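S.K.: The file below is protein-v8.txt, compact mmCIF, C-alpha atoms:
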```txt
# COMPACT_ATOMS: atom_id res chain seq x y z
CA MET K 1133 27.13 8.99 -15.28
CA ALA K 1134 24.60 11.74 -14.59
CA ILE K 1135 23.64 11.79 -18.28
CA LEU K 1136 23.17 8.00 -18.31
CA LEU K 1137 21.02 8.07 -15.17
CA PHE K 1138 18.89 10.83 -16.69
CA ILE K 1139 18.41 8.74 -19.85
CA LEU K 1140 17.44 5.66 -17.79
CA VAL K 1141 14.91 7.66 -15.75
CA LEU K 1142 13.48 9.14 -18.94
CA LEU K 1143 13.17 5.68 -20.53
CA ALA K 1144 11.47 4.34 -17.39
CA LEU K 1145 8.93 7.15 -17.55
CA PHE K 1146 8.19 6.21 -21.16
CA GLY K 1147 7.56 2.56 -20.35
CA LEU K 1148 10.91 0.80 -20.04
CA PRO K 1149 10.45 -1.90 -17.34
CA LEU K 1150 11.82 -0.47 -14.13
CA PHE K 1151 13.92 -3.51 -13.26
CA ILE K 1152 15.79 -3.11 -16.57
CA ALA K 1153 16.54 0.55 -15.80
CA LEU K 1154 17.71 -0.33 -12.27
CA ALA K 1155 19.82 -3.26 -13.48
CA ALA K 1156 21.43 -1.13 -16.19
CA GLY K 1157 22.24 1.56 -13.66
CA GLY K 1158 23.71 -1.03 -11.30
CA ILE K 1159 25.91 -2.60 -13.98
CA TYR K 1160 27.18 0.79 -15.11
CA ALA K 1161 27.85 1.91 -11.52
CA SER K 1162 29.79 -1.29 -10.77
CA ILE K 1163 31.94 -0.87 -13.89
CA GLU K 1164 32.61 2.78 -13.05
CA SER K 1165 33.65 1.71 -9.54
CA GLU K 1166 35.93 -0.94 -11.06
CA LEU K 1167 33.93 -3.71 -9.38
CA ASN K 1168 32.78 -6.99 -10.84
CA PRO K 1169 29.06 -6.74 -11.80
CA VAL K 1170 28.62 -10.23 -10.30
CA LEU K 1171 28.33 -8.39 -6.98
CA LEU K 1172 24.79 -7.46 -8.05
CA ILE K 1173 23.84 -11.14 -8.16
CA ILE K 1174 25.19 -11.67 -4.66
CA GLU K 1175 22.44 -9.36 -3.45
CA LEU K 1176 19.85 -11.80 -4.82
CA TYR K 1177 21.41 -14.54 -2.69
CA ARG K 1178 21.38 -12.32 0.39
CA LEU K 1179 17.78 -11.41 -0.34
CA ALA K 1180 16.80 -15.08 -0.61
CA ASN K 1181 18.19 -15.67 2.89
CA GLN K 1182 15.89 -13.08 4.46
CA PRO K 1183 13.71 -15.03 6.94
CA ASN K 1184 10.68 -12.79 6.40
CA LEU K 1185 10.81 -12.89 2.60
CA ILE K 1186 8.39 -15.84 2.43
CA THR K 1187 5.67 -13.67 3.98
CA ILE K 1188 5.30 -11.66 0.75
CA PRO K 1189 4.14 -14.52 -1.53
CA LEU K 1190 2.01 -16.12 1.19
CA PHE K 1191 0.10 -12.97 2.14
CA THR K 1192 -0.25 -12.11 -1.56
CA LEU K 1193 -1.71 -15.55 -2.24
CA ALA K 1194 -4.22 -15.07 0.59
CA GLY K 1195 -5.34 -11.73 -0.88
CA MET K 1196 -5.68 -13.13 -4.39
CA VAL K 1197 -7.71 -16.07 -3.12
CA MET K 1198 -10.06 -13.74 -1.24
CA ALA K 1199 -10.44 -11.52 -4.31
CA ALA K 1200 -11.38 -14.48 -6.49
CA GLY K 1201 -13.61 -16.07 -3.86
CA GLY K 1202 -16.25 -13.35 -3.52
CA SER K 1203 -14.89 -11.67 -0.41
CA PRO K 1204 -15.36 -8.14 -1.88
CA GLN K 1205 -19.10 -8.68 -2.38
CA ARG K 1206 -19.56 -10.06 1.12
CA LEU K 1207 -17.62 -7.21 2.71
CA ILE K 1208 -19.64 -4.55 0.89
CA LYS K 1209 -22.87 -6.20 2.01
CA LEU K 1210 -21.72 -6.32 5.65
CA PHE K 1211 -20.42 -2.77 5.95
CA ASN K 1212 -23.37 -1.35 4.02
CA ALA K 1213 -25.72 -3.08 6.47
CA LEU K 1214 -23.66 -1.62 9.32
CA LEU K 1215 -23.24 1.95 7.99
CA GLY K 1216 -25.67 2.43 5.12
CA TRP K 1217 -28.46 3.85 7.27
CA MET K 1218 -26.71 7.23 7.70
CA PRO K 1219 -25.92 9.97 5.12
CA GLY K 1220 -22.77 8.94 3.30
CA GLY K 1221 -23.15 5.44 4.69
CA LEU K 1222 -22.46 3.72 1.39
CA ALA K 1223 -19.28 5.77 0.98
CA MET K 1224 -18.19 4.85 4.52
CA ALA K 1225 -18.89 1.20 3.78
CA ALA K 1226 -16.74 1.50 0.65
CA ILE K 1227 -13.90 3.15 2.59
CA VAL K 1228 -13.83 0.42 5.25
CA SER K 1229 -14.23 -2.41 2.72
CA CYS K 1230 -11.44 -1.08 0.51
CA SER K 1231 -9.04 -0.56 3.41
CA PHE K 1232 -9.76 -4.07 4.68
CA PHE K 1233 -9.14 -5.52 1.24
CA THR K 1234 -5.99 -3.50 0.45
CA ALA K 1235 -4.39 -4.66 3.70
CA PHE K 1236 -4.44 -8.21 2.36
CA THR K 1237 -3.90 -7.66 -1.35
CA GLY K 1238 -1.34 -4.84 -1.17
CA ALA K 1239 -1.54 -1.56 -3.05
CA SER K 1240 -1.41 -3.37 -6.37
CA GLY K 1241 -4.59 -2.08 -7.96
CA VAL K 1242 -6.54 -5.22 -7.07
CA THR K 1243 -8.82 -3.19 -4.80
CA ILE K 1244 -9.91 -0.83 -7.60
CA ILE K 1245 -10.39 -3.72 -10.00
CA ALA K 1246 -12.23 -6.00 -7.56
CA LEU K 1247 -14.31 -3.45 -5.63
CA GLY K 1248 -14.48 -0.49 -8.03
CA GLY K 1249 -16.62 -2.32 -10.56
CA LEU K 1250 -19.02 -3.40 -7.81
CA LEU K 1251 -19.27 -0.04 -6.07
CA TYR K 1252 -19.47 2.35 -9.02
CA PRO K 1253 -23.01 1.36 -10.13
CA LEU K 1254 -24.15 1.26 -6.50
CA PHE K 1255 -23.00 4.85 -5.97
CA ILE K 1256 -24.69 6.08 -9.15
CA GLN K 1257 -27.94 4.28 -8.27
CA SER K 1258 -27.81 5.93 -4.83
CA ASN K 1259 -27.65 9.44 -6.38
CA TYR K 1260 -24.01 10.03 -5.45
CA ASP K 1261 -22.23 12.71 -7.42
CA GLU K 1262 -20.13 11.07 -10.15
CA LYS K 1263 -17.10 13.26 -9.42
CA PHE K 1264 -17.22 12.27 -5.73
CA THR K 1265 -17.65 8.62 -6.69
CA LEU K 1266 -14.66 8.61 -9.04
CA GLY K 1267 -12.51 10.43 -6.50
CA LEU K 1268 -13.39 8.04 -3.70
CA LEU K 1269 -12.88 4.88 -5.74
CA THR K 1270 -9.60 6.16 -7.19
CA SER K 1271 -8.36 6.92 -3.67
CA SER K 1272 -9.52 3.56 -2.36
CA GLY K 1273 -6.76 1.58 -4.06
CA SER K 1274 -4.21 2.49 -1.41
CA LEU K 1275 -6.40 2.78 1.70
CA GLY K 1276 -5.41 0.23 4.30
CA LEU K 1277 -1.75 0.33 3.32
CA LEU K 1278 -0.78 0.85 6.98
CA PHE K 1279 -2.86 -2.02 8.37
CA PRO K 1280 -1.40 -5.48 8.97
CA PRO K 1281 -0.50 -7.58 7.05
CA SER K 1282 0.35 -4.90 4.45
CA LEU K 1283 2.90 -6.04 1.87
CA ALA K 1284 4.43 -2.56 1.86
CA ILE K 1285 5.10 -2.75 5.61
CA LEU K 1286 6.61 -6.22 5.22
CA LEU K 1287 8.93 -5.03 2.46
CA TYR K 1288 9.91 -1.88 4.35
CA GLY K 1289 10.78 -3.96 7.41
CA ILE K 1290 12.91 -6.34 5.33
CA VAL K 1291 14.81 -3.57 3.55
CA SER K 1292 15.31 -1.24 6.53
CA GLY K 1293 15.86 -3.87 9.22
CA THR K 1294 13.06 -2.36 11.30
CA SER K 1295 10.86 -4.66 13.39
CA ILE K 1296 7.82 -5.65 11.32
CA ASP K 1297 5.78 -6.19 14.48
CA ASP K 1298 6.55 -2.61 15.58
CA LEU K 1299 5.61 -1.26 12.15
CA PHE K 1300 2.30 -3.15 12.23
CA LEU K 1301 1.50 -1.59 15.62
CA ALA K 1302 2.59 1.87 14.52
CA GLY K 1303 0.34 1.90 11.47
CA ILE K 1304 -2.93 1.10 13.23
CA VAL K 1305 -3.76 4.53 14.73
CA PRO K 1306 -2.73 6.61 11.66
CA GLY K 1307 -4.66 4.21 9.45
CA PHE K 1308 -7.84 4.59 11.50
CA ILE K 1309 -7.45 8.37 11.63
CA LEU K 1310 -7.41 8.49 7.83
CA LEU K 1311 -10.55 6.36 7.64
CA VAL K 1312 -12.32 8.66 10.10
CA LEU K 1313 -11.32 11.82 8.20
CA LEU K 1314 -12.52 10.40 4.87
CA SER K 1315 -15.75 9.17 6.48
CA LEU K 1316 -16.47 12.61 7.94
CA TYR K 1317 -15.93 14.16 4.51
CA SER K 1318 -18.27 11.57 2.99
CA TYR K 1319 -20.94 12.32 5.59
CA LYS K 1320 -20.71 16.07 4.97
CA SER K 1321 -20.73 15.63 1.18
CA ALA K 1322 -23.72 13.31 1.22
CA LEU K 1323 -25.87 15.95 2.91
CA VAL K 1324 -26.01 17.97 -0.32
CA TRP K 1325 -27.57 15.25 -2.45
CA HIS K 1326 -30.53 13.01 -1.75
CA GLU K 1327 -29.03 9.64 -1.05
CA PRO K 1328 -31.70 6.99 -0.46
CA ILE K 1329 -30.78 5.59 2.94
CA HIS K 1330 -32.30 2.46 4.38
CA PRO K 1331 -33.34 2.10 8.04
CA PHE K 1332 -30.96 0.19 10.24
CA SER K 1333 -31.97 -3.45 10.43
CA PHE K 1334 -30.52 -5.88 12.96
CA LYS K 1335 -31.87 -8.71 10.83
CA LYS K 1336 -29.97 -7.61 7.68
CA LEU K 1337 -26.85 -6.96 9.74
CA ALA K 1338 -27.08 -10.40 11.34
CA ILE K 1339 -27.52 -12.07 7.95
CA ALA K 1340 -24.57 -10.14 6.45
CA ALA K 1341 -22.40 -10.83 9.50
CA ASN K 1342 -23.22 -14.54 9.32
CA GLU K 1343 -22.23 -14.63 5.64
CA THR K 1344 -19.01 -12.69 6.27
CA LYS K 1345 -17.94 -14.15 9.61
CA TRP K 1346 -15.20 -16.28 8.10
CA ASP K 1347 -13.74 -13.27 6.22
CA ILE K 1348 -13.88 -11.00 9.27
CA PHE K 1349 -12.21 -13.60 11.47
CA LEU K 1350 -9.08 -13.54 9.28
CA PRO K 1351 -7.66 -10.13 10.38
CA ILE K 1352 -8.58 -10.99 13.98
CA LEU K 1353 -6.62 -14.22 13.60
CA VAL K 1354 -3.59 -12.43 12.15
CA ILE K 1355 -3.48 -9.56 14.65
CA THR K 1356 -4.13 -11.76 17.69
CA GLY K 1357 -1.60 -14.32 16.57
CA ILE K 1358 1.22 -11.83 15.90
CA PHE K 1359 0.71 -9.34 18.72
CA GLY K 1360 -0.33 -12.01 21.21
CA GLY K 1361 3.02 -13.68 20.69
CA PHE K 1362 1.47 -16.96 19.53
CA VAL K 1363 3.06 -16.95 16.05
CA THR K 1364 5.76 -15.10 14.16
CA VAL K 1365 4.97 -12.98 11.11
CA THR K 1366 6.23 -15.81 8.88
CA GLU K 1367 4.02 -18.37 10.59
CA ALA K 1368 1.07 -15.98 10.42
CA SER K 1369 1.49 -15.63 6.65
CA ALA K 1370 1.36 -19.41 6.18
CA ILE K 1371 -1.71 -19.69 8.41
CA THR K 1372 -3.40 -16.83 6.54
CA ALA K 1373 -2.84 -18.42 3.13
CA ALA K 1374 -4.07 -21.81 4.34
CA TYR K 1375 -7.09 -20.25 6.03
CA ALA K 1376 -8.05 -18.23 2.94
CA LEU K 1377 -7.83 -21.34 0.76
CA PHE K 1378 -9.88 -23.32 3.26
CA ILE K 1379 -12.78 -20.89 3.57
CA GLU K 1380 -13.01 -20.15 -0.17
CA THR K 1381 -12.81 -23.79 -1.28
CA ILE K 1382 -14.53 -25.63 1.59
CA ILE K 1383 -16.79 -23.11 3.38
CA TYR K 1384 -17.95 -20.75 0.62
CA ARG K 1385 -17.07 -23.12 -2.26
CA GLU K 1386 -16.49 -20.17 -4.58
CA ILE K 1387 -13.13 -21.51 -5.80
CA LYS K 1388 -12.62 -24.86 -7.49
CA LEU K 1389 -9.13 -26.27 -6.98
CA ILE K 1390 -8.71 -27.64 -10.49
CA ARG K 1391 -10.58 -24.91 -12.37
CA ASP K 1392 -9.63 -21.72 -10.50
CA LEU K 1393 -6.51 -22.30 -8.39
CA PRO K 1394 -3.99 -22.46 -11.29
CA THR K 1395 -5.11 -19.01 -12.50
CA ILE K 1396 -4.88 -17.59 -8.97
CA LEU K 1397 -1.38 -19.01 -8.54
CA ILE K 1398 -0.27 -17.53 -11.87
CA ASP K 1399 -1.62 -14.07 -10.93
CA THR K 1400 0.08 -14.32 -7.54
CA ALA K 1401 3.38 -15.36 -9.14
CA ARG K 1402 3.24 -12.43 -11.54
CA LEU K 1403 2.73 -9.90 -8.76
CA VAL K 1404 5.28 -11.42 -6.40
CA GLY K 1405 7.77 -11.94 -9.22
CA SER K 1406 7.53 -8.30 -10.24
CA ILE K 1407 8.22 -7.27 -6.65
CA LEU K 1408 11.14 -9.64 -6.16
CA ILE K 1409 12.92 -8.87 -9.43
CA ILE K 1410 12.75 -5.14 -8.68
CA LEU K 1411 13.87 -5.83 -5.12
CA GLY K 1412 16.84 -7.89 -6.27
CA VAL K 1413 18.28 -5.51 -8.87
CA ALA K 1414 17.51 -2.41 -6.79
CA MET K 1415 19.32 -3.73 -3.71
CA GLY K 1416 22.46 -4.26 -5.78
CA LEU K 1417 22.30 -0.73 -7.16
CA THR K 1418 21.55 0.73 -3.74
CA ASN K 1419 24.54 -0.96 -2.12
CA LEU K 1420 26.79 0.37 -4.85
CA LEU K 1421 25.49 3.87 -4.15
CA ILE K 1422 26.18 3.34 -0.46
CA ASP K 1423 29.72 2.17 -1.28
CA THR K 1424 30.27 5.44 -3.14
CA GLN K 1425 29.36 7.23 0.13
CA LEU K 1426 26.29 8.85 -1.43
CA PRO K 1427 24.35 8.80 1.88
CA THR K 1428 27.28 10.55 3.60
CA ARG K 1429 27.39 13.21 0.91
CA LEU K 1430 23.64 13.72 1.18
CA LEU K 1431 23.95 14.01 4.96
CA ASN K 1432 26.65 16.67 4.65
CA LEU K 1433 24.57 18.57 2.11
CA VAL K 1434 21.43 18.44 4.23
CA GLU K 1435 23.24 19.48 7.42
CA THR K 1436 24.53 22.63 5.75
CA HIS K 1437 21.02 23.84 4.88
CA ILE K 1438 18.65 22.31 7.45
CA ASP K 1439 18.93 23.18 11.11
CA SER K 1440 15.99 21.43 12.80
CA GLN K 1441 14.00 18.23 12.80
CA LEU K 1442 10.85 20.11 11.76
CA GLN K 1443 12.55 21.51 8.67
CA PHE K 1444 13.92 18.10 7.80
CA LEU K 1445 10.48 16.47 8.08
CA LEU K 1446 9.00 19.10 5.76
CA ILE K 1447 11.73 18.60 3.14
CA LEU K 1448 11.49 14.82 3.56
CA ASN K 1449 7.73 14.85 2.93
CA LEU K 1450 8.12 16.98 -0.20
CA PHE K 1451 10.86 14.69 -1.47
CA LEU K 1452 8.84 11.52 -0.80
CA LEU K 1453 5.72 12.95 -2.43
CA VAL K 1454 7.76 13.48 -5.60
CA ILE K 1455 9.19 9.96 -5.31
CA GLY K 1456 5.68 8.57 -4.84
CA ALA K 1457 4.53 10.33 -7.99
CA MET K 1458 7.44 8.91 -10.01
CA MET K 1459 7.97 5.35 -8.72
CA ASP K 1460 5.84 2.44 -7.58
CA ILE K 1461 5.90 1.81 -3.85
CA PHE K 1462 7.98 -1.37 -3.91
CA SER K 1463 10.76 0.15 -6.02
CA ALA K 1464 10.78 3.30 -3.90
CA ILE K 1465 11.17 1.31 -0.69
CA VAL K 1466 14.20 -0.57 -1.97
CA VAL K 1467 15.96 2.35 -3.66
CA VAL K 1468 15.19 5.26 -1.34
CA VAL K 1469 14.99 3.81 2.19
CA PRO K 1470 18.72 2.95 2.53
CA LEU K 1471 19.58 6.48 1.41
CA ILE K 1472 17.30 8.38 3.79
CA MET K 1473 17.74 6.19 6.89
CA PRO K 1474 21.08 7.78 7.91
CA LEU K 1475 19.60 11.27 7.40
CA ALA K 1476 16.57 10.48 9.56
CA LEU K 1477 18.72 9.01 12.32
CA ARG K 1478 20.90 12.13 12.26
CA TYR K 1479 17.81 14.23 13.02
CA GLN K 1480 16.71 11.78 15.74
CA ILE K 1481 13.65 10.45 13.92
CA ASP K 1482 12.53 7.06 15.19
CA PRO K 1483 12.97 4.38 12.47
CA VAL K 1484 9.41 3.13 13.07
CA HIS K 1485 8.00 6.67 12.77
CA LEU K 1486 10.05 7.12 9.59
CA GLY K 1487 8.58 3.93 8.16
CA ILE K 1488 4.98 5.08 8.64
CA LEU K 1489 5.81 8.52 7.19
CA PHE K 1490 7.48 6.91 4.21
CA LEU K 1491 4.52 4.67 3.44
CA ALA K 1492 1.99 7.46 4.04
CA ASN K 1493 3.74 9.64 1.47
CA LEU K 1494 3.80 6.85 -1.08
CA GLU K 1495 0.15 6.07 -0.37
CA ILE K 1496 -0.61 9.64 -1.45
CA GLY K 1497 1.74 9.23 -4.43
CA TYR K 1498 -0.58 6.57 -5.82
CA MET K 1499 -3.03 9.38 -6.62
CA THR K 1500 -0.66 11.89 -8.19
CA PRO K 1501 0.63 12.20 -11.77
CA PRO K 1502 2.69 11.34 -13.70
CA VAL K 1503 2.99 7.72 -12.53
CA GLY K 1504 0.22 7.44 -9.90
CA ILE K 1505 -0.82 3.82 -10.37
CA ASN K 1506 -4.34 4.38 -8.99
CA LEU K 1507 -5.02 6.92 -11.74
CA PHE K 1508 -3.99 4.53 -14.51
CA ILE K 1509 -5.89 1.54 -13.13
CA ALA K 1510 -9.01 3.63 -12.42
CA SER K 1511 -8.79 5.11 -15.90
CA GLN K 1512 -8.92 1.62 -17.41
CA ARG K 1513 -11.61 0.44 -14.98
CA PHE K 1514 -14.02 3.37 -15.33
CA GLY K 1515 -13.18 4.57 -18.85
CA LYS K 1516 -12.29 8.11 -17.72
CA SER K 1517 -9.26 10.26 -18.50
CA ILE K 1518 -6.44 10.51 -15.98
CA LEU K 1519 -7.00 14.28 -15.73
CA THR K 1520 -10.67 13.75 -14.87
CA LEU K 1521 -9.79 11.22 -12.19
CA PHE K 1522 -7.07 13.42 -10.71
CA GLN K 1523 -9.44 16.39 -10.49
CA SER K 1524 -12.06 14.15 -8.87
CA ALA K 1525 -9.54 12.89 -6.33
CA LEU K 1526 -8.29 16.36 -5.30
CA PRO K 1527 -10.56 16.71 -2.21
CA PHE K 1528 -9.44 13.29 -0.99
CA LEU K 1529 -5.84 14.19 -1.76
CA ALA K 1530 -6.18 17.38 0.33
CA ILE K 1531 -7.52 15.38 3.28
CA MET K 1532 -4.64 12.93 3.00
CA LEU K 1533 -2.10 15.77 2.96
CA ILE K 1534 -3.59 17.15 6.18
CA TRP K 1535 -3.40 13.63 7.62
CA LEU K 1536 0.25 13.41 6.55
CA LEU K 1537 1.10 16.61 8.42
CA MET K 1538 -0.64 15.26 11.51
CA ILE K 1539 1.36 12.05 11.66
CA SER K 1540 4.57 13.88 10.68
CA TYR K 1541 4.53 16.38 13.53
CA ILE K 1542 2.70 14.33 16.18
CA PRO K 1543 4.98 11.27 16.57
CA SER K 1544 2.82 9.91 19.38
CA LEU K 1545 0.23 8.92 16.75
CA THR K 1546 2.63 6.32 15.42
CA LEU K 1547 4.61 5.60 18.59
CA TRP K 1548 1.57 5.41 20.91
CA TRP K 1549 2.47 1.93 22.09
CA LYS K 1550 6.01 2.75 23.25
```
So that I can check it, write out the structure of this file as structure tokens.

M.R.:
Amino acid sequence: MAILLFILVLLALFGLPLFIALAAGGIYASIESELNPVLLIIELYRLANQPNLITIPLFTLAGMVMAAGGSPQRLIKLFNALLGWMPGGLAMAAIVSCSFFTAFTGASGVTIIALGGLLYPLFIQSNYDEKFTLGLLTSSGSLGLLFPPSLAILLYGIVSGTSIDDLFLAGIVPGFILLVLLSLYSYKSALVWHEPIHPFSFKKLAIAANETKWDIFLPILVITGIFGGFVTVTEASAITAAYALFIETIIYREIKLIRDLPTILIDTARLVGSILIILGVAMGLTNLLIDTQLPTRLLNLVETHIDSQLQFLLILNLFLLVIGAMMDIFSAIVVVVPLIMPLALRYQIDPVHLGILFLANLEIGYMTPPVGINLFIASQRFGKSILTLFQSALPFLAIMLIWLLMISYIPSLTLWWK
């Protein structure tokens, strides 16, 4: 079995679709356990009965509609008017815009594709160092992963059984801390080159805010609705999708229902379908691993070598960084979370805190070889080698590792609201 699993992992690294590798592993594990492989299909039925599952396609649709409707351009204009007057202001505007956008589109590479092409020439025209520019834009694809209504948080909550509302609250402070750290680095870096900054103008800010007011109102609507107790997460996802369609087709008129909507729906279906098929086959495999008492064996192994919560958190972070470099975030959530939850509970780690740590590690994994998705998408978008992009992203990666240690060993940053 170990040899087969090694072969499947190797094939996945060389391009075999991950759901095929997971399904093959699940079928083999069921046969080895003398169980009917039809049990794997039962997991699809159980998954379909999850009440929060509908939030994934609805929030994804909202993000895709905003991407196609010109929201990236409007956001850049607004935050540049707000921050562009200071050294590193354009970089700060990019950081905030990308995090805003990733929260709605998910860490699927849409941010790099939609915003990277717009921002790259702006950075070069503003005398930004190309290495800094490539590093920032490569890192931007996963910024905002901890902000509501992040698809990764939704999926983690569904798989782990943790309150999605609690996870949304827990991610706000760590997410803002990361934005502040990256903004400070941008400010310091910009002092060494001569970035042409424009004077702050209330008139330009007012014009940009007026153009973007419908976009900016969307996260306010979601956060107020969910945390104010007016709507559930499921209801909020439906409202968000309807609102995004309304403003892009009626207010901004950037999207034509007959011409553009079919393409948007197809792109949404592809992304959501890839998530759901991985989720379905991985849940079957994971439950088989649980039936073989793998979590219990891992717990016994860990307890014999790790004595404290601090040691466990260090080992957990190292393990998750490796996972993040090898698997996409949605697969990792489904496969790994059920295995590490019992270990974390044994060391008295709050499930909500564990969720933010898990996602923070995988957010960093998007920037690390061999399977860091940001590197591959940025390589295609900017025409640079993966090695060049990884070297450019190293300063940002170092900042994110410091940030990871902060939220790992200061639980109050994620559990501030309890």

S.K.: What are the closest atom pairs, with distances in Å to one decimal, for each residue of region 1377-1412 of chain K lying within 10 Å of region 1341-1365 of chain K, using all atoms listed in the file, rows by chain and rising residue number, as a tab-separated table?

M.R.:
```
residue	atom	partner	partner_atom	distance
K:Ile1379	CA	K:Trp1346	CA	6.9
K:Glu1380	CA	K:Trp1346	CA	9.4
K:Ile1383	CA	K:Trp1346	CA	8.5
K:Tyr1384	CA	K:Glu1343	CA	9.0
```

S.K.: From the options K:Ala1223, K:Leu1389, K:Ile1488, K:Leu1278, which residue's atoms come nearest to Tyr1319 (chain K), counting only C-alpha atoms?

M.R.: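 Selected residue with least distance to Tyr1319 (chain K): K:Ala1223.
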
S.K.: Given the choices K:Ala1302, K:Lys1335, K:Gly1405, K:Leu1214, which gets closest to Trp1548 (chain K) if the distance is worked out from all atoms listed in the file?

M.R.: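 The answer is K:Ala1302, which sits nearest to Trp1548 (chain K).
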
S.K.: With only C-alpha atoms as the atoms that count, which of K:Leu1268, K:Met1473, K:Ala1464, K:Met1218 lies nearest to Pro1331 (chain K)?

M.R.: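 Between K:Leu1268, K:Met1473, K:Ala1464, K:Met1218, the residue approaching Pro1331 (chain K) most closely is K:Met1218.
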
S.K.: Give me, please, the distance in Å between CA of Phe1191 (chain K) and CA of Ser1369 (chain K), quoted to one decimal.

M.R.: 5.4 Å

S.K.: I'd like the neighbourhood of Ile1387 (chain K) as a PyMOL selection string, where a residue qualifies if any of its atoms comes within 12 Å (using only C-alpha atoms), though same-chain residues fewer than 2 positions away should be ignored.

M.R.: chain K and resi 1196-1203+1376-1385+1389-1396

S.K.: Point out the residue among K:Phe1300, K:Phe1514, K:Phe1462, K:Leu1446 with the least atom-to-atom distance to Leu1537 (chain K), counting all atoms listed in the file.

M.R.: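 Of all the options, K:Leu1446 lies closest to Leu1537 (chain K).
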
S.K.: Hey, can you check how far CA of Pro1483 (chain K) sits from CA of Val1434 (chain K)?

M.R.: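 Going from CA of Pro1483 (chain K) over to CA of Val1434 (chain K), I get 18.4 Å.
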
S.K.: Box for region 1481-1490 of chain K: with edges along x, y and z, all listed atoms inside and 8 Å added on each side, what are the centre and edge lengths in Å to one decimal, as JSON?

M.R.:
```
{"center_x": 9.3, "center_y": 6.8, "center_z": 9.7, "size_x": 24.7, "size_y": 23.3, "size_z": 27.0}
```

S.K.: Separation of CA of Leu1185 (chain K) and CA of Ala1235 (chain K), in Å?

M.R.: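 It comes out at 17.3 Å.
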
S.K.: Determine the nearest neighbour of Lys1550 (chain K) from the options K:Ile1505, K:Leu1301, K:Val1404, K:Leu1251, counting only C-alpha atoms.

M.R.: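 Among the listed residues, the smallest separation from Lys1550 (chain K) belongs to K:Leu1301.
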
S.K.: Which residue out of K:Leu1314, K:Val1467, K:Leu1172, K:Leu1193 has the minimum interatomic distance to Val1291 (chain K) when only C-alpha atoms are used?

M.R.: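 Among the listed residues, K:Val1467 lies closest to Val1291 (chain K).
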